[in-house]
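Trainee: Okay, here's the structure, questions in a sec.
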Amino acid sequence: MRLDVKKTYKLFIDGAFPRSESGRSYEIKNWRGAFIANPAQASRKDLRDSVLAAKNAHPGWSNATAFNRGQILYRIAEMLEGRTSQFIDEIVATTGVTSSAAKQEVAAAIDLWVWYAGWCDKITSVSGNNNPIAGPYYNFTIPESLGVIGIIAEEKESLLGLVRSLAPVIAGGNTSVIIASQSRPLAAITLAEVLATSDLPAGVVNILTGIKTELAPWLASHMEIDGLDVSGIDNVAELRKSGAENLKRIHAFEKDVSPERIFTFMEFKTIWHPVGI
Amino acid sequence: MTNLFEYAPAPESRSVVKIEKDYDLFIGGKFVSASSKKRLATINPATEEILSKVALADSKDVDRAVRAARAALNKSWARTKPKERAKYLYRIARILQERAREFAVLESLDNGKPIRESRDVDIPLAAAHFFYHAGWADKLEFAGFGNRPRPYGVVGQIIPWNFPLLMLSWKIAPALATGNTVVLKPAETTPLTALLFAEVCQQAGLPDGVVNIITGDGTTGAALINHKDIDKVAFTGSTEVGKLIARSIAERGIPATLELGGKGANVVFDDAPIDEAVEGIVNGIFFNQGHVCCAGSRLLLQENIADEFLLRLKERMARIRVGDPLDKNTDLGAINSSTQLAKIREISDTGSKEGATLWSAPCSLPTKGFWYPPAIFTGVTQAHRIAREEIFGPILSILNFRTPQEAMEKANNTPYGLSAGLWTEKGSKILWAAQQLKAGVIWANTFNKFDPASPFGGYKESGWGREGGRHGLAAYLKTGGANS
């Protein structure tokens, strides 16, 4: 009998797959309590490196054409589709759900990427507008990406929950630093492999695995992070307090799928110009 | 030379407005005395004369006001049909127009701003804000926020002293149009037009408790923000207080709209229309004594035109008429309070100490009241406090740049992101620069323009959310899945 080759689950920072600089890892068990893997346990330094990567990736990603972003998000769906069975295996292993339930989750995640891919070049049309002001001025409002968004991913639906948070954030031109599901981090790291092969520029998405309560406060207090999706963590009051230092836009979402999730992490810019000869 | 430009005084009459000796709190549709029994004097900053004494609301009064707003929400306002809500707002807009002169005089008396501004900007815009939002009240499901937009409920609102009635309208008009009820606290130094507005609500027959106005100081504001039964907060004021508010609502997780400070860059390229630009720079920083969160308080000049531009700017500044706010010729009125004047002096002192050069327009200032002449600092670097901190007074910090890229870097080198100005005749440069600037409002070849249909609000530490336009409605509507 052939012995299978197991994967080392590492972090995803600036397009590369490093171990934690701290040298730490933690053990993941399946729903029966048997060992599965030792993913990296990210440190504060890993988080800061990720923020830097996301910050540096932001000008390029936010200035990419909406068409281009849409193409890349669709490419992510394509890559994910091709890896369906791997995700099903990982979801089954970590949660113990039936393989058909896992298949549904993966299918929903793929479809969500397709849905948000289509949004990329419609966001401005739907959320921006001309404003009929009372004077000889041309005046219009357009959405722009907010910047670097920290995402604390949903704990249970480790793939679909992550995609629900991530897809709208990058569809809007933001870059991101993600703290993956702590107990079920495998799908997040495998998603990183999908992202790395989808023409997504390095640094647009950075994924950390580790202890949420350890990492989240650093995410909330980091001055280069502009917004936080805290859907995947309880007790957000302290995060909101430290996020107030640079007035981060902090939001938690239900499981809804809506363009509001895109608009929430966008800024609206209004431009005036006189009309005349 | 100055004699050429001296005008005979043309004072507006203050007899058009009747100011009571004292005012109570407006709660549940009536004026009621405060449980604190304390009063605050509000003065005319141009003369230091006491205009009136207003009640200081304490936490018990705040509680009464929130209860009144809650009762109104449940009993009358939630049951008022949207098209009827609209008509109340139209009524308010019309009454503000009818009583515009009265409001303008009262605003200038209490605030110190020139009558020309209160008459031509503050009051007409305030009325327009109600008129604009009135129309939204029965069309919310078509505003693009899903088909089931709902009000939050009771909104606690705190407004600043720089545009008292206008800020009131920015807060109350959208809140009411979307079906919320409000408790509003005007600024400590400028409560009078808000109290006159209470009378407008009565004249409009607005159901009792839909609008509650509680006067007081910072403790009143804190009690309002910390009240457990408010569903949303809306605040305009300093970034410092905005952050305090964000922290104090963190436990409850209620949403907030914050319109905070700014350090707006006004960028003049070498291909700018110079006369218009000079006029725009002057308007950008000296409008309303520089008490404007979106003021163009940093002038970025392309270095090859800097010398000529400075000369013309100084010439123009020498013609700014400083003095009696009620004089229709006045361009620059009084600084709103002695506290604010002290702040302006403190930070302008650091400008000189840190090595920048101060030039003030030659003008005589009245002996009584709080005054500061229009001033500029040259030789400013990005490290200077006068280039980084909001002065909120008639002081312009001037920096130079060589390339457009450098201008954008300097313009964005601030934690604020409220406004920016661009001056160039080249269309493609305007659009390029407008893309680069991290600011919520960009005025190209104009500055300090406002309209109810135009969203206003900041990037970064200039705040959360927008006010005005379609986007401003979102601040007062639950629009779907977002918890906050």
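Chain identifiers are assigned as A, B, and so on, following the order in which chains appear in the structure tokens; residues are numbered from 1 within each chain, and ligands are numbered from 1 in order of appearance.
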If we count only C-alpha atoms, what is near Ala107 in chain A at a cut-off of 9 Å, once residues fewer than 4 positions away on the same chain are taken out, given as a VMD selection string?
Mentor: chain A and resid 81 84 102 to 103 111 to 112
Trainee: I'd like a table as JSON lines: residues in chain B with an atom no more than 8 Å from chain A, each row giving the shortest atom pair and its distance in Å to one decimal, only C-alpha atoms counted, sorted by chain and rising residue number.
Mentor:
```
{"residue": "B:Gly144", "atom": "CA", "partner": "A:Val126", "partner_atom": "CA", "distance": 7.9}
{"residue": "B:Lys243", "atom": "CA", "partner": "A:Ala244", "partner_atom": "CA", "distance": 5.5}
{"residue": "B:Leu244", "atom": "CA", "partner": "A:Ala244", "partner_atom": "CA", "distance": 8.0}
{"residue": "B:Ala246", "atom": "CA", "partner": "A:Ala244", "partner_atom": "CA", "distance": 5.8}
{"residue": "B:Arg247", "atom": "CA", "partner": "A:Lys241", "partner_atom": "CA", "distance": 4.6}
{"residue": "B:Ser248", "atom": "CA", "partner": "A:Lys241", "partner_atom": "CA", "distance": 7.8}
{"residue": "B:Ala250", "atom": "CA", "partner": "A:Ala237", "partner_atom": "CA", "distance": 5.0}
{"residue": "B:Glu251", "atom": "CA", "partner": "A:Ala237", "partner_atom": "CA", "distance": 4.8}
{"residue": "B:Arg252", "atom": "CA", "partner": "A:Ala237", "partner_atom": "CA", "distance": 7.7}
{"residue": "B:Gly253", "atom": "CA", "partner": "A:Ala237", "partner_atom": "CA", "distance": 7.2}
{"residue": "B:Ala434", "atom": "CA", "partner": "A:Ile271", "partner_atom": "CA", "distance": 7.5}
{"residue": "B:Ala439", "atom": "CA", "partner": "A:Lys269", "partner_atom": "CA", "distance": 6.7}
{"residue": "B:Gly440", "atom": "CA", "partner": "A:Lys269", "partner_atom": "CA", "distance": 4.4}
{"residue": "B:Val441", "atom": "CA", "partner": "A:Thr270", "partner_atom": "CA", "distance": 4.8}
{"residue": "B:Ile442", "atom": "CA", "partner": "A:Ile271", "partner_atom": "CA", "distance": 4.7}
{"residue": "B:Trp443", "atom": "CA", "partner": "A:Trp272", "partner_atom": "CA", "distance": 4.9}
{"residue": "B:Ala444", "atom": "CA", "partner": "A:His273", "partner_atom": "CA", "distance": 5.1}
{"residue": "B:Asn445", "atom": "CA", "partner": "A:His273", "partner_atom": "CA", "distance": 6.3}
{"residue": "B:Thr446", "atom": "CA", "partner": "A:His273", "partner_atom": "CA", "distance": 6.7}
{"residue": "B:Asp451", "atom": "CA", "partner": "A:Ile133", "partner_atom": "CA", "distance": 5.9}
{"residue": "B:Pro452", "atom": "CA", "partner": "A:Ile133", "partner_atom": "CA", "distance": 7.4}
{"residue": "B:Ala453", "atom": "CA", "partner": "A:Ile133", "partner_atom": "CA", "distance": 5.7}
{"residue": "B:Ser454", "atom": "CA", "partner": "A:Asn131", "partner_atom": "CA", "distance": 5.7}
{"residue": "B:Pro455", "atom": "CA", "partner": "A:Thr270", "partner_atom": "CA", "distance": 6.6}
{"residue": "B:Phe456", "atom": "CA", "partner": "A:Thr270", "partner_atom": "CA", "distance": 7.3}
{"residue": "B:Tyr459", "atom": "CA", "partner": "A:Glu267", "partner_atom": "CA", "distance": 6.6}
{"residue": "B:Lys460", "atom": "CA", "partner": "A:Leu247", "partner_atom": "CA", "distance": 7.0}
{"residue": "B:Glu461", "atom": "CA", "partner": "A:Leu247", "partner_atom": "CA", "distance": 5.7}
{"residue": "B:Gly463", "atom": "CA", "partner": "A:Leu247", "partner_atom": "CA", "distance": 7.0}
{"residue": "B:Trp464", "atom": "CA", "partner": "A:Arg249", "partner_atom": "CA", "distance": 7.4}
{"residue": "B:Arg466", "atom": "CA", "partner": "A:Phe268", "partner_atom": "CA", "distance": 7.9}
{"residue": "B:Gly469", "atom": "CA", "partner": "A:Asn131", "partner_atom": "CA", "distance": 7.1}
{"residue": "B:Thr479", "atom": "CA", "partner": "A:Glu260", "partner_atom": "CA", "distance": 8.0}
{"residue": "B:Gly480", "atom": "CA", "partner": "A:Glu260", "partner_atom": "CA", "distance": 7.4}
{"residue": "B:Gly481", "atom": "CA", "partner": "A:Asp256", "partner_atom": "CA", "distance": 5.9}
{"residue": "B:Ala482", "atom": "CA", "partner": "A:Phe253", "partner_atom": "CA", "distance": 5.0}
{"residue": "B:Asn483", "atom": "CA", "partner": "A:Ala252", "partner_atom": "CA", "distance": 5.7}
{"residue": "B:Ser484", "atom": "CA", "partner": "A:His251", "partner_atom": "CA", "distance": 5.7}
```
Trainee: Compile the contact shell of range 390-395 of chain B as an MDAnalysis selection string: residues with an atom at most 10 Å away, counting only C-alpha atoms, same-chain residues fewer than 6 positions apart removed.
Mentor: chainID B and resid 162 238:239 261:264 282 284:298 332 335:336 340:341 343:348 358:360 371:377 416
Trainee: Any chance you can output those residues with N, CA and C atoms as a short mmCIF file (atom, residue, chain, number, x, y, z; two decimals), in the first residue's frame?
Mentor:
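Everything below was put into selection06.cif:
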```cif
data_model
loop_
_atom_site.label_atom_id
_atom_site.label_comp_id
_atom_site.auth_asym_id
_atom_site.auth_seq_id
_atom_site.Cartn_x
_atom_site.Cartn_y
_atom_site.Cartn_z
N ASN B 162 -20.21 75.83 14.08
CA ASN B 162 -19.78 76.62 12.92
C ASN B 162 -20.89 76.93 11.92
N SER B 238 -15.19 67.51 16.19
CA SER B 238 -13.76 67.23 16.05
C SER B 238 -13.49 65.73 15.95
N THR B 239 -12.38 65.38 15.31
CA THR B 239 -11.97 63.98 15.21
C THR B 239 -11.73 63.39 16.59
N GLY B 261 -13.00 66.19 11.52
CA GLY B 261 -12.11 67.26 11.10
C GLY B 261 -11.52 67.06 9.72
N GLY B 262 -10.76 68.05 9.30
CA GLY B 262 -10.10 67.97 8.01
C GLY B 262 -8.89 68.87 7.96
N LYS B 263 -8.07 68.63 6.98
CA LYS B 263 -6.93 69.51 6.73
C LYS B 263 -6.79 69.57 5.22
N GLY B 264 -7.82 70.14 4.60
CA GLY B 264 -7.97 70.08 3.15
C GLY B 264 -6.84 70.75 2.40
N VAL B 282 -9.08 82.11 -1.29
CA VAL B 282 -9.60 83.01 -0.26
C VAL B 282 -10.92 82.47 0.29
N GLY B 284 -11.85 79.42 0.15
CA GLY B 284 -11.59 78.11 0.75
C GLY B 284 -11.16 78.19 2.20
N ILE B 285 -10.43 79.24 2.57
CA ILE B 285 -9.93 79.29 3.94
C ILE B 285 -10.60 80.38 4.77
N PHE B 286 -11.06 81.45 4.14
CA PHE B 286 -11.60 82.54 4.96
C PHE B 286 -13.12 82.56 5.04
N PHE B 287 -13.79 81.71 4.26
CA PHE B 287 -15.24 81.54 4.40
C PHE B 287 -15.54 81.12 5.83
N ASN B 288 -16.49 81.81 6.45
CA ASN B 288 -16.91 81.47 7.81
C ASN B 288 -15.74 81.50 8.80
N GLN B 289 -14.84 82.47 8.63
CA GLN B 289 -13.69 82.66 9.53
C GLN B 289 -12.78 81.44 9.58
N GLY B 290 -12.89 80.57 8.57
CA GLY B 290 -12.09 79.34 8.59
C GLY B 290 -12.64 78.30 9.55
N HIS B 291 -13.80 78.57 10.13
CA HIS B 291 -14.45 77.59 11.00
C HIS B 291 -15.21 76.60 10.12
N VAL B 292 -14.48 75.86 9.32
CA VAL B 292 -15.11 74.95 8.37
C VAL B 292 -14.28 73.66 8.36
N CYS B 293 -14.95 72.53 8.60
CA CYS B 293 -14.20 71.27 8.67
C CYS B 293 -13.56 70.95 7.33
N CYS B 294 -14.19 71.39 6.23
CA CYS B 294 -13.65 71.08 4.90
C CYS B 294 -12.84 72.24 4.34
N ALA B 295 -12.41 73.17 5.20
CA ALA B 295 -11.66 74.34 4.72
C ALA B 295 -10.42 73.90 3.95
N GLY B 296 -10.07 74.70 2.95
CA GLY B 296 -8.83 74.45 2.21
C GLY B 296 -7.70 75.10 2.98
N SER B 297 -7.28 74.44 4.07
CA SER B 297 -6.37 75.11 5.01
C SER B 297 -4.90 74.91 4.65
N ARG B 298 -4.64 74.02 3.67
CA ARG B 298 -3.28 73.89 3.17
C ARG B 298 -3.29 74.28 1.70
N LEU B 332 -15.45 88.87 6.79
CA LEU B 332 -14.94 87.99 7.84
C LEU B 332 -15.47 88.49 9.18
N ILE B 335 -14.54 85.46 15.57
CA ILE B 335 -14.22 84.10 15.98
C ILE B 335 -15.30 83.69 16.99
N ASN B 336 -15.75 82.45 16.92
CA ASN B 336 -16.96 82.08 17.64
C ASN B 336 -16.87 82.20 19.16
N GLN B 340 -12.07 79.26 21.30
CA GLN B 340 -11.59 78.98 19.96
C GLN B 340 -10.46 79.93 19.57
N LEU B 341 -10.62 81.19 19.97
CA LEU B 341 -9.57 82.18 19.67
C LEU B 341 -8.25 81.76 20.32
N LYS B 343 -7.34 78.74 21.02
CA LYS B 343 -6.81 77.58 20.27
C LYS B 343 -6.10 78.03 19.01
N ILE B 344 -6.72 78.97 18.31
CA ILE B 344 -6.12 79.47 17.07
C ILE B 344 -4.77 80.11 17.37
N ARG B 345 -4.74 80.92 18.43
CA ARG B 345 -3.47 81.59 18.78
C ARG B 345 -2.40 80.59 19.18
N GLU B 346 -2.83 79.58 19.93
CA GLU B 346 -1.86 78.58 20.42
C GLU B 346 -1.18 77.90 19.23
N ILE B 347 -2.00 77.46 18.27
CA ILE B 347 -1.39 76.70 17.17
C ILE B 347 -0.65 77.64 16.20
N SER B 348 -1.14 78.86 16.05
CA SER B 348 -0.42 79.76 15.15
C SER B 348 0.94 80.16 15.76
N LEU B 358 4.79 84.18 9.30
CA LEU B 358 3.39 84.62 9.37
C LEU B 358 3.23 85.97 8.69
N TRP B 359 2.17 86.09 7.88
CA TRP B 359 1.78 87.39 7.33
C TRP B 359 0.29 87.56 7.56
N SER B 360 -0.10 88.67 8.17
CA SER B 360 -1.52 88.93 8.40
C SER B 360 -1.95 90.10 7.54
N TRP B 371 -11.54 88.28 17.75
CA TRP B 371 -11.18 88.54 16.36
C TRP B 371 -9.82 87.98 16.03
N TYR B 372 -9.68 87.60 14.78
CA TYR B 372 -8.37 87.18 14.29
C TYR B 372 -8.29 87.62 12.82
N PRO B 373 -7.23 88.30 12.44
CA PRO B 373 -7.15 88.79 11.06
C PRO B 373 -6.84 87.64 10.11
N PRO B 374 -7.26 87.74 8.84
CA PRO B 374 -6.89 86.71 7.87
C PRO B 374 -5.38 86.62 7.75
N ALA B 375 -4.85 85.40 7.80
CA ALA B 375 -3.39 85.25 7.87
C ALA B 375 -2.91 84.07 7.04
N ILE B 376 -1.65 84.17 6.62
CA ILE B 376 -1.03 83.04 5.92
C ILE B 376 0.33 82.75 6.54
N PHE B 377 0.72 81.50 6.46
CA PHE B 377 2.08 81.09 6.81
C PHE B 377 2.77 80.63 5.53
N TYR B 416 -6.44 62.93 7.81
CA TYR B 416 -7.78 63.39 7.42
C TYR B 416 -8.04 63.09 5.95
#
```
Trainee: Which is closer to Phe31 in chain B than all the others in B:Val17, B:Gly465, B:His133, B:Ile214, using only C-alpha atoms?
Mentor: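 The shortest atom-to-atom distance to Phe31 in chain B comes from B:Ile214.
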Trainee: Give me the residues near Asp89 in chain A as a list in words, where near means some atom within 12 Å (using only C-alpha atoms) and where sequence neighbours in that chain fewer than 2 positions away do not count.
Mentor: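 Within the cut-off, the hits are Asn30, Ile36, Arg83, Thr84, Ser85, Gln86, Phe87, Ile91, Val92, Ala93, Thr94, Thr95, Gly96, Val97, Thr98, Ser99, Ser100, Ala101, Ala102, Lys103, Glu105, Val106, Leu186, Ala187 and Thr190 of chain A.
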Trainee: Take CA of Lys314 in chain B and CA of Gln382 in chain B and report the distance between them in Å, one decimal.
Mentor: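 We find that CA of Lys314 in chain B and CA of Gln382 in chain B lie 22.2 Å from each other.
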Trainee: Using DSSP secondary structure from the backbone, list all alpha helix (DSSP H) positions within range 397-446 of chain B, as a compact mmCIF listing (two decimals) with N, CA and C atoms, in the first residue's frame.
Mentor:
```txt
# COMPACT_ATOMS: atom_id res chain seq x y z
N PRO B 404 3.23 67.24 -10.30
CA PRO B 404 1.88 66.86 -9.89
C PRO B 404 1.89 65.66 -8.93
N GLN B 405 2.79 64.70 -9.16
CA GLN B 405 2.86 63.53 -8.26
C GLN B 405 3.20 63.96 -6.84
N GLU B 406 4.13 64.90 -6.74
CA GLU B 406 4.52 65.39 -5.42
C GLU B 406 3.33 66.10 -4.76
N ALA B 407 2.57 66.83 -5.56
CA ALA B 407 1.40 67.52 -5.00
C ALA B 407 0.42 66.52 -4.41
N MET B 408 0.21 65.42 -5.12
CA MET B 408 -0.75 64.43 -4.63
C MET B 408 -0.25 63.77 -3.35
N GLU B 409 1.05 63.47 -3.33
CA GLU B 409 1.61 62.86 -2.12
C GLU B 409 1.45 63.78 -0.92
N LYS B 410 1.74 65.05 -1.14
CA LYS B 410 1.62 66.01 -0.03
C LYS B 410 0.14 66.18 0.37
N ALA B 411 -0.70 66.26 -0.62
CA ALA B 411 -2.13 66.46 -0.32
C ALA B 411 -2.66 65.30 0.52
N ASN B 412 -2.22 64.09 0.20
CA ASN B 412 -2.73 62.90 0.90
C ASN B 412 -1.98 62.59 2.19
N GLY B 427 -8.32 69.58 -18.33
CA GLY B 427 -9.34 68.62 -17.90
C GLY B 427 -8.77 67.28 -17.48
N SER B 428 -7.84 66.75 -18.28
CA SER B 428 -7.31 65.42 -17.95
C SER B 428 -6.55 65.44 -16.63
N LYS B 429 -5.92 66.57 -16.32
CA LYS B 429 -5.19 66.68 -15.06
C LYS B 429 -6.16 66.71 -13.88
N ILE B 430 -7.29 67.37 -14.07
CA ILE B 430 -8.30 67.40 -13.02
C ILE B 430 -8.78 65.99 -12.71
N LEU B 431 -9.10 65.25 -13.76
CA LEU B 431 -9.65 63.90 -13.54
C LEU B 431 -8.59 62.97 -12.94
N TRP B 432 -7.35 63.14 -13.39
CA TRP B 432 -6.27 62.33 -12.83
C TRP B 432 -6.09 62.65 -11.34
N ALA B 433 -6.00 63.94 -11.04
CA ALA B 433 -5.77 64.33 -9.65
C ALA B 433 -6.95 63.94 -8.77
N ALA B 434 -8.16 64.10 -9.30
CA ALA B 434 -9.35 63.74 -8.52
C ALA B 434 -9.32 62.26 -8.17
N GLN B 435 -8.76 61.43 -9.05
CA GLN B 435 -8.63 60.00 -8.74
C GLN B 435 -7.60 59.77 -7.64
N GLN B 436 -6.53 60.55 -7.66
CA GLN B 436 -5.44 60.32 -6.69
C GLN B 436 -5.81 60.74 -5.28
```
Trainee: Write out as a ChimeraX atom specification the residues lying within 7 Å of range 87-94 of chain B, counting only C-alpha atoms and excluding same-chain residues fewer than 4 positions away.
Mentor: /B:83,98,127-128,130-131,134,200-201,204,206
Trainee: Could you check how far CA of Gly221 in chain B sits from CA of Ser169 in chain B, in Å to one decimal?
Mentor: 18.2 Å
Trainee: Among range 2-239 of chain A, which ones does DSSP assign to strand (DSSP E) (computed from the backbone)? Answer as a ChimeraX atom specification.
Mentor: /A:28-29,35-37,129-130,137-145,148-152,175-179,205-208,227-229
Trainee: Atoms to include: C-alpha atoms. Write the selected residues as a CSV table (one decimal), in the first residue's frame.
Mentor:
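File produced: part-v4.csv:
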```
chain,number,residue,atom,x,y,z
A,28,ILE,CA,-5.8,20.4,14.1
A,29,LYS,CA,-8.0,17.4,14.8
A,35,PHE,CA,-4.8,14.3,14.2
A,36,ILE,CA,-5.1,16.0,10.8
A,37,ALA,CA,-2.4,18.6,10.4
A,129,ASN,CA,-24.6,58.8,-9.5
A,130,ASN,CA,-24.8,62.3,-10.9
A,137,TYR,CA,-21.8,72.8,-11.6
A,138,TYR,CA,-21.3,69.3,-12.8
A,139,ASN,CA,-21.4,67.1,-9.7
A,140,PHE,CA,-21.0,63.3,-9.4
A,141,THR,CA,-20.3,60.7,-6.8
A,142,ILE,CA,-18.3,57.6,-7.4
A,143,PRO,CA,-17.3,54.7,-5.1
A,144,GLU,CA,-13.7,53.9,-4.4
A,145,SER,CA,-12.1,51.1,-2.5
A,148,VAL,CA,-6.8,47.3,3.4
A,149,ILE,CA,-9.6,45.3,5.0
A,150,GLY,CA,-9.0,42.9,7.9
A,151,ILE,CA,-11.3,39.9,7.8
A,152,ILE,CA,-11.9,37.5,10.7
A,175,THR,CA,-6.8,44.3,-0.5
A,176,SER,CA,-7.1,42.1,2.6
A,177,VAL,CA,-5.6,40.3,5.5
A,178,ILE,CA,-7.5,37.3,6.7
A,179,ILE,CA,-7.5,35.4,9.9
A,205,VAL,CA,-5.2,38.5,-0.3
A,206,ASN,CA,-3.1,37.4,2.6
A,207,ILE,CA,-4.2,34.5,4.8
A,208,LEU,CA,-3.1,33.8,8.3
A,227,GLY,CA,-11.8,48.4,7.7
A,228,LEU,CA,-12.7,45.2,9.5
A,229,ASP,CA,-15.1,42.4,8.8
```
Trainee: Would you kindly return, as a list of chain:residue names, each protein, DNA or RNA residue with an atom no farther than 10 Å from any atom of Ile72 in chain A, considering only C-alpha atoms and excluding same-chain residues fewer than 6 positions away?
Mentor: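 Contacts, in chain order: A:Ala66, A:Glu78, A:Trp113, A:Ala117, A:Ala171, A:Leu195, A:Ser198, A:Asp199, A:Leu200, A:Pro201.
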Trainee: Take the residues from that selection and put them in a file with C-alpha atoms, as a tab-separated table (two decimals), in the first residue's frame.
Mentor:
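For reference, out-v9.tsv as written:
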```
chain	number	residue	atom	x	y	z
A	66	ALA	CA	-13.16	46.79	-13.15
A	78	GLU	CA	-12.61	28.35	-12.44
A	113	TRP	CA	-17.15	33.96	-6.83
A	117	ALA	CA	-17.04	38.55	-10.48
A	171	ALA	CA	-14.45	42.90	-5.86
A	195	LEU	CA	-5.82	32.43	-5.42
A	198	SER	CA	-5.71	32.85	-10.57
A	199	ASP	CA	-3.66	35.85	-11.75
A	200	LEU	CA	-4.53	37.64	-8.54
A	201	PRO	CA	-1.59	40.00	-7.85
```
